[in-house]
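coords13.txt (compact mmCIF, C-alpha atoms and all ligand atoms) appears below.
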```
# COMPACT_ATOMS: atom_id res chain seq x y z
CA MET A 1000 -37.44 21.01 -7.32
CA PRO A 1001 -39.47 19.79 -10.36
CA GLY A 1002 -43.25 19.61 -9.85
CA HIS A 1003 -43.17 21.37 -6.52
CA ASP A 1004 -46.13 23.66 -5.73
CA PRO A 1005 -44.62 27.17 -5.83
CA ALA A 1006 -47.08 28.29 -3.12
CA GLN A 1007 -45.63 25.77 -0.67
CA PRO A 1008 -42.31 26.22 1.14
CA LEU A 1009 -39.43 24.09 -0.04
CA PRO A 1010 -38.71 21.07 2.15
CA ALA A 1011 -35.53 21.30 4.19
CA ILE A 1012 -33.16 19.08 2.25
CA ARG A 1013 -29.45 19.51 2.69
CA VAL A 1014 -26.35 17.77 1.45
CA PRO A 1015 -23.66 17.41 4.11
CA GLY A 1016 -20.38 19.17 3.34
CA PHE A 1017 -16.92 18.04 4.34
CA PRO A 1018 -13.69 20.02 4.49
CA LEU A 1019 -11.19 19.41 1.71
CA GLN A 1020 -7.45 19.57 2.22
CA GLU A 1021 -4.62 19.70 -0.33
CA HIS A 1022 -1.31 18.08 0.50
CA ASP A 1023 1.58 16.95 -1.66
CA GLY A 1024 -0.39 17.07 -4.92
CA LEU A 1025 -3.44 15.19 -3.64
CA LEU A 1026 -6.85 16.39 -2.47
CA TRP A 1027 -8.02 14.74 0.76
CA LEU A 1028 -11.63 14.39 1.79
CA ARG A 1029 -12.73 12.16 4.61
CA PRO A 1030 -16.44 12.00 5.48
CA CYS A 1031 -15.98 12.53 9.19
CA ALA A 1032 -17.02 15.08 11.81
CA GLU A 1033 -16.00 18.69 11.18
CA GLY A 1034 -12.73 19.59 12.83
CA SER A 1035 -11.31 16.09 12.68
CA GLU A 1036 -8.14 15.40 10.71
CA GLN A 1037 -8.61 14.86 6.96
CA LEU A 1038 -5.05 13.95 6.23
CA PRO A 1039 -3.61 10.71 7.56
CA ALA A 1040 -0.35 11.18 9.46
CA LEU A 1041 1.17 8.62 7.10
CA ALA A 1042 0.81 11.09 4.21
CA ARG A 1043 1.83 14.13 6.28
CA GLU A 1044 5.17 12.63 7.32
CA LEU A 1045 6.74 12.78 3.87
CA ALA A 1046 8.17 16.10 2.71
CA PRO A 1047 6.59 17.28 -0.59
CA GLY A 1048 10.05 18.27 -1.84
CA GLN A 1049 11.11 14.63 -1.74
CA ARG A 1050 8.34 13.54 -4.11
CA ARG A 1051 9.81 12.17 -7.36
CA PHE A 1052 6.91 10.47 -9.06
CA GLU A 1053 3.13 10.16 -8.91
CA TRP A 1054 0.85 7.67 -10.56
CA GLN A 1055 -2.75 6.48 -10.47
CA ALA A 1056 -4.61 3.44 -11.66
CA GLN A 1057 -7.73 1.39 -11.20
CA TRP A 1058 -7.24 -2.30 -10.49
CA ARG A 1059 -9.72 -5.13 -10.55
CA GLY A 1060 -9.96 -6.39 -6.98
CA HIS A 1061 -11.74 -5.74 -3.70
CA VAL A 1062 -10.02 -2.98 -1.74
CA LEU A 1063 -9.00 -5.50 0.94
CA ASP A 1064 -7.26 -7.75 -1.57
CA VAL A 1065 -5.52 -4.83 -3.30
CA MET A 1066 -4.22 -3.39 -0.01
CA GLU A 1067 -3.07 -6.81 1.19
CA ASN A 1068 -1.28 -7.35 -2.10
CA PHE A 1069 0.69 -4.12 -1.80
CA LEU A 1070 1.64 -4.64 1.85
CA ASP A 1071 2.52 -8.32 1.54
CA ALA A 1072 6.21 -9.16 1.10
CA LEU A 1073 5.84 -12.90 0.68
CA HIS A 1074 4.27 -12.88 -2.80
CA THR A 1075 7.16 -10.99 -4.35
CA HIS A 1076 9.21 -14.16 -4.94
CA TYR A 1077 6.43 -15.66 -7.08
CA VAL A 1078 4.62 -12.76 -8.69
CA HIS A 1079 7.75 -10.65 -9.31
CA ALA A 1080 10.27 -13.48 -9.54
CA GLY A 1081 13.64 -12.08 -10.59
CA TRP A 1082 12.37 -8.48 -10.57
CA LEU A 1083 12.08 -7.94 -6.81
CA ARG A 1084 13.24 -11.23 -5.24
CA ARG A 1085 14.18 -14.77 -6.17
CA HIS A 1086 12.41 -17.80 -4.70
CA SER A 1087 15.65 -19.79 -4.67
CA GLN A 1088 17.29 -17.20 -2.41
CA ARG A 1089 14.76 -17.03 0.44
CA ARG A 1090 16.29 -16.66 3.89
CA PRO A 1091 14.76 -16.52 7.39
CA CYS A 1092 13.74 -13.00 8.38
CA GLN A 1093 12.56 -11.64 11.74
CA VAL A 1094 9.19 -9.92 11.29
CA ALA A 1095 7.49 -7.71 13.90
CA LEU A 1096 3.89 -6.49 13.61
CA ASP A 1097 2.98 -3.48 15.80
CA ILE A 1098 -0.46 -1.89 16.16
CA ASP A 1099 -1.01 1.57 17.60
CA GLY A 1100 -4.58 2.84 17.24
CA GLU A 1101 -5.21 3.59 13.57
CA ARG A 1102 -1.64 2.75 12.59
CA VAL A 1103 -0.03 -0.56 11.82
CA ARG A 1104 3.65 -1.23 11.11
CA VAL A 1105 5.41 -4.39 9.96
CA ASP A 1106 9.19 -4.39 10.34
CA TYR A 1107 11.38 -6.76 8.39
CA ARG A 1108 14.89 -7.07 9.76
CA ALA A 1109 16.05 -7.16 6.20
CA HIS A 1110 19.20 -8.74 4.93
CA GLY A 1111 21.38 -5.95 3.63
CA GLU A 1112 21.25 -7.27 0.09
CA GLN A 1113 18.25 -8.37 -1.97
CA SER A 1114 18.09 -10.78 -4.87
CA GLY A 1115 16.02 -8.89 -7.46
CA LEU A 1116 16.91 -6.82 -10.52
CA VAL A 1117 15.45 -3.57 -9.10
CA TYR A 1118 17.74 -3.86 -6.08
CA ARG A 1119 20.85 -4.56 -8.16
CA LEU A 1120 20.22 -1.63 -10.50
CA PHE A 1121 18.97 1.09 -8.17
CA GLU A 1122 19.58 0.29 -4.50
CA SER A 1123 22.38 -0.16 -1.99
CA ARG A 1124 22.70 -2.15 1.22
CA ARG A 1125 19.54 -1.86 3.26
CA LEU A 1126 19.28 -1.15 6.95
CA GLY A 1127 15.65 -2.21 7.15
CA GLU A 1128 12.38 -2.50 5.34
CA SER A 1129 8.94 -1.73 6.75
CA ALA A 1130 5.32 -1.76 5.65
CA HIS A 1131 2.96 0.84 7.14
CA PHE A 1132 -0.82 1.09 7.09
CA GLN A 1133 -3.18 3.68 8.45
CA LEU A 1134 -6.96 3.68 8.46
CA PRO A 1135 -8.90 3.94 6.34
CA GLY A 1136 -6.75 3.16 3.30
CA SER A 1137 -3.22 4.58 3.27
CA SER A 1138 -0.04 2.59 3.10
CA ARG A 1139 3.68 2.98 2.64
CA LEU A 1140 6.60 0.70 1.91
CA GLN A 1141 9.72 2.23 3.41
CA TYR A 1142 13.29 1.26 2.59
CA ASP A 1143 16.04 2.60 4.85
CA TYR A 1144 19.64 2.31 3.68
CA ARG A 1145 22.91 2.08 5.56
CA ASP A 1146 24.11 5.38 4.11
CA GLY A 1147 21.18 7.17 5.82
CA SER A 1148 19.06 7.57 2.68
CA GLN A 1149 15.46 6.46 2.32
CA VAL A 1150 12.97 5.49 -0.40
CA CYS A 1151 9.21 5.41 0.26
CA ILE A 1152 6.46 4.12 -2.01
CA SER A 1153 3.05 5.33 -0.83
CA LEU A 1154 -0.26 3.98 -2.05
CA HIS A 1155 -3.68 5.33 -1.08
CA PHE A 1156 -6.68 3.14 -1.83
CA SER A 1157 -10.27 4.06 -2.57
CA PRO A 1158 -12.92 1.46 -3.39
CA VAL A 1159 -14.79 2.15 -6.64
CA ASP A 1160 -17.20 -0.69 -5.91
CA GLY A 1161 -16.92 -4.19 -4.45
CA ARG A 1162 -14.79 -5.39 -7.36
CA ASN A 1163 -12.59 -2.43 -8.32
CA THR A 1164 -10.17 -0.22 -6.43
CA ARG A 1165 -8.62 3.12 -7.32
CA ILE A 1166 -4.97 3.64 -6.40
CA LEU A 1167 -3.08 6.92 -5.97
CA ALA A 1168 0.65 6.40 -5.61
CA SER A 1169 3.75 8.48 -5.02
CA LEU A 1170 7.47 7.85 -4.70
CA HIS A 1171 9.54 9.87 -2.23
CA VAL A 1172 13.35 9.80 -2.09
CA ARG A 1173 15.57 11.29 0.62
CA GLY A 1174 19.33 11.50 0.50
CA ARG A 1175 19.85 9.63 -2.79
CA TRP A 1176 20.58 10.79 -6.31
CA ALA A 1177 17.17 10.49 -7.95
CA PRO A 1178 16.06 13.45 -10.12
CA ARG A 1179 12.54 13.22 -11.50
CA TRP A 1180 13.68 12.68 -15.08
CA ALA A 1181 15.89 9.77 -14.06
CA VAL A 1182 13.14 8.11 -12.01
CA ARG A 1183 10.74 8.52 -14.92
CA ALA A 1184 13.16 7.27 -17.57
CA LEU A 1185 15.01 4.51 -15.70
CA LEU A 1186 13.13 3.26 -12.62
CA TRP A 1187 9.52 3.77 -13.60
CA PRO A 1188 9.46 1.30 -16.55
CA LEU A 1189 10.53 -1.46 -14.13
CA LEU A 1190 8.06 -0.46 -11.41
CA ALA A 1191 5.27 -0.19 -14.00
CA HIS A 1192 6.01 -3.76 -15.06
CA VAL A 1193 5.86 -4.88 -11.41
CA GLY A 1194 2.52 -3.07 -11.09
CA ARG A 1195 1.12 -4.89 -14.12
CA GLN A 1196 2.15 -8.19 -12.53
CA ASP A 1197 0.22 -7.26 -9.35
CA ALA A 1198 -2.83 -6.17 -11.37
CA ALA A 1199 -2.77 -9.49 -13.26
CA ILE A 1200 -2.54 -11.66 -10.13
CA LEU A 1201 -5.34 -9.67 -8.44
CA ALA A 1202 -7.59 -10.14 -11.48
CA ALA A 1203 -6.80 -13.86 -11.46
CA GLN A 1204 -7.55 -13.98 -7.72
CA GLN A 1205 -10.94 -12.35 -8.28
CA ASP A 1206 -11.75 -14.73 -11.15
CA ASN A 1207 -10.87 -17.72 -8.96
CA MET A 1208 -12.95 -16.45 -6.05
CA ALA A 1209 -15.93 -16.09 -8.42
CA ARG A 1210 -15.26 -19.54 -9.86
CA PHE A 1211 -15.14 -21.16 -6.41
CA ALA A 1212 -17.80 -18.97 -4.79
CA GLY A 1213 -18.53 -19.93 -1.21
CA ARG A 1214 -15.06 -21.36 -0.54
CA ARG A 1215 -12.93 -19.47 1.93
CA PRO A 1216 -9.40 -18.62 0.77
CA ALA A 1217 -6.66 -20.50 2.62
CA ARG A 1218 -4.76 -18.40 5.13
CA MET A 1219 -1.26 -18.96 6.53
CA HIS A 1220 0.46 -17.72 9.67
CA GLY A 1221 2.51 -15.42 7.43
CA ASP A 1222 -0.57 -13.47 6.29
CA VAL A 1223 -0.18 -11.14 9.27
CA LEU A 1224 -1.95 -8.10 7.86
CA ARG A 1225 -5.16 -9.65 6.58
CA PRO A 1226 -6.92 -9.80 10.00
CA VAL A 1227 -5.85 -6.20 10.68
CA LEU A 1228 -7.30 -4.94 7.38
CA GLU A 1229 -10.49 -6.95 7.88
CA ASP A 1230 -11.07 -5.41 11.33
CA TRP A 1231 -11.70 -2.07 9.65
CA TRP A 1232 -13.07 -2.90 6.22
CA LEU A 1233 -15.38 -5.75 7.24
CA HIS A 1234 -16.18 -4.92 10.87
CA GLY A 1235 -15.68 -1.12 11.07
CA ARG A 1236 -13.39 -1.18 14.12
CA THR A 1237 -9.83 -0.11 14.76
CA PRO A 1238 -7.34 -2.98 14.48
CA ASP A 1239 -7.22 -5.22 17.53
CA PRO A 1240 -3.80 -4.87 19.27
CA ALA A 1241 -4.05 -8.61 19.93
CA HIS A 1242 -2.98 -9.12 16.29
CA ALA A 1243 0.50 -7.78 17.14
CA ARG A 1244 3.17 -10.47 16.96
CA GLN A 1245 6.73 -11.40 16.15
CA LEU A 1246 7.55 -14.29 13.91
CA THR A 1247 10.12 -15.66 11.49
CA LEU A 1248 9.25 -15.81 7.80
CA TRP A 1249 11.32 -17.02 4.86
CA LEU A 1250 11.79 -13.90 2.81
FE FE B 1 3.42 -7.17 -5.78
```
Is it possible to give me this structure as structure tokens?
Ligand SMILES: [Fe+2]
Amino acid sequence: MPGHDPAQPLPAIRVPGFPLQEHDGLLWLRPCAEGSEQLPALARELAPGQRRFEWQAQWRGHVLDVMENFLDALHTHYVHAGWLRRHSQRRPCQVALDIDGERVRVDYRAHGEQSGLVYRLFESRRLGESAHFQLPGSSRLQYDYRDGSQVCISLHFSPVDGRNTRILASLHVRGRWAPRWAVRALLWPLLAHVGRQDAAILAAQQDNMARFAGRRPARMHGDVLRPVLEDWWLHGRTPDPAHARQLTLWL
């Protein structure tokens, strides 16, 4: 302690320590009481042997906006037009939002077939599609197929500051032919392009919010996850079960 009188005892200054846990290639640290769970159940549910790809990035955007972007299905027709879905081929879809403590799940009773290039090249008829979120910042898009196989894209979010968010991502595949080299060589270039489209729209969103400071963004009935995410990130409380609902969206 520079400048401290050596004849005097050192003041009692301590830095709190938190347990660290390794799982599936990631190190987890959550500043919470000792003995409580570091690892979100959402990350624990996927078998490490099914991991085919990992990736990390830093995007310009508040953590709320970045998480909402990943979990939102409705923007895909515009931002990823032709790659994930086509606007001209929207159809009504039953959507169910469930909230259970720290966990949130959105189920889309998906049409078996999708309209985008990624689906035509790499997928088969879907049984269902779901978006999962767990406090404080873990999420998963899960695709279940009629042949019993499954593909999961997981993203974990960490705010760098109020304008930038770090993302750690992984791709898990169960029951489908998807060796690492093939995912890296064939699928990843397409997903990387989709990611750049998301990063660009988030940067544009942030620029527009700065340009029109003080205006509140418009919100539609289809933006089902925004109030859930805000409960935690703006108000520090677990999501209100009153947000749960069922509705029809054109997907
Ligand atoms: Fe997107």
(message) I'd like to know which of A:Phe1132, A:Pro1005, A:Leu1026, A:Ala1168 is closest to Glu1053 (chain A), using all atoms listed in the file.
(response) A:Ala1168
(message) Taking all atoms listed in the file and a cut-off of 12 Å, can you tell me which residues surround ligand FE 1 (chain B), written as a ChimeraX atom specification?
(response) /A:1064-1080,1082-1084,1140,1190-1201
(request) Quote the spacing between CA of Arg1179 (chain A) and CA of Gln1055 (chain A) in Å to one decimal place. (result)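 Rounded to one decimal, the two atoms are 16.7 Å apart.
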(request) Compare A:Val1159, A:Ile1152, A:Leu1096, A:Val1172 by their minimum atom-to-atom distance to Pro1226 (chain A), counting all atoms listed in the file, and give me the closest one. (result)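 Nearest candidate to Pro1226 (chain A) out of A:Val1159, A:Ile1152, A:Leu1096, A:Val1172: A:Leu1096.
Using all atoms listed in the file, the shortest contact distance between Val1062 (chain A) and any of A:Ala1243, A:Leu1228, A:Ala1046, A:Ala1203 is found at A:Leu1228.
Among the candidates A:Leu1185, A:Ser1157, A:Leu1009, A:Pro1047, the residue lying nearest to Glu1021 (chain A) is A:Pro1047 (atoms considered: all atoms listed in the file).
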(message) I'd like the interatomic distance between CA of Gln1149 (chain A) and CA of Arg1173 (chain A), to a tenth of an Å.
(response)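 Straight-line distance from CA of Gln1149 (chain A) to CA of Arg1173 (chain A) works out to 5.1 Å.
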(request) Could you please determine the separation between CA of Asp1106 (chain A) and CA of Val1094 (chain A) in Å, to one decimal place? (result)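 Atom-to-atom, CA of Asp1106 (chain A) and CA of Val1094 (chain A) are spaced 5.6 Å apart.
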May I have the centre and edge lengths, in Å to one decimal, of an axis-aligned box around the listed atoms of region 1210-1220 of chain A with 3 Å added to every side, as JSON?
```
{"center_x": -9.0, "center_y": -19.5, "center_z": -0.1, "size_x": 25.0, "size_y": 9.6, "size_z": 25.5}
```
(request) Find the residues near Ala1042 (chain A): any atom within 8 Å, counting only C-alpha atoms, skip ones fewer than 4 places away on the same chain, and give them as number ranges by chain. (result) A: 1038, 1137, 1153
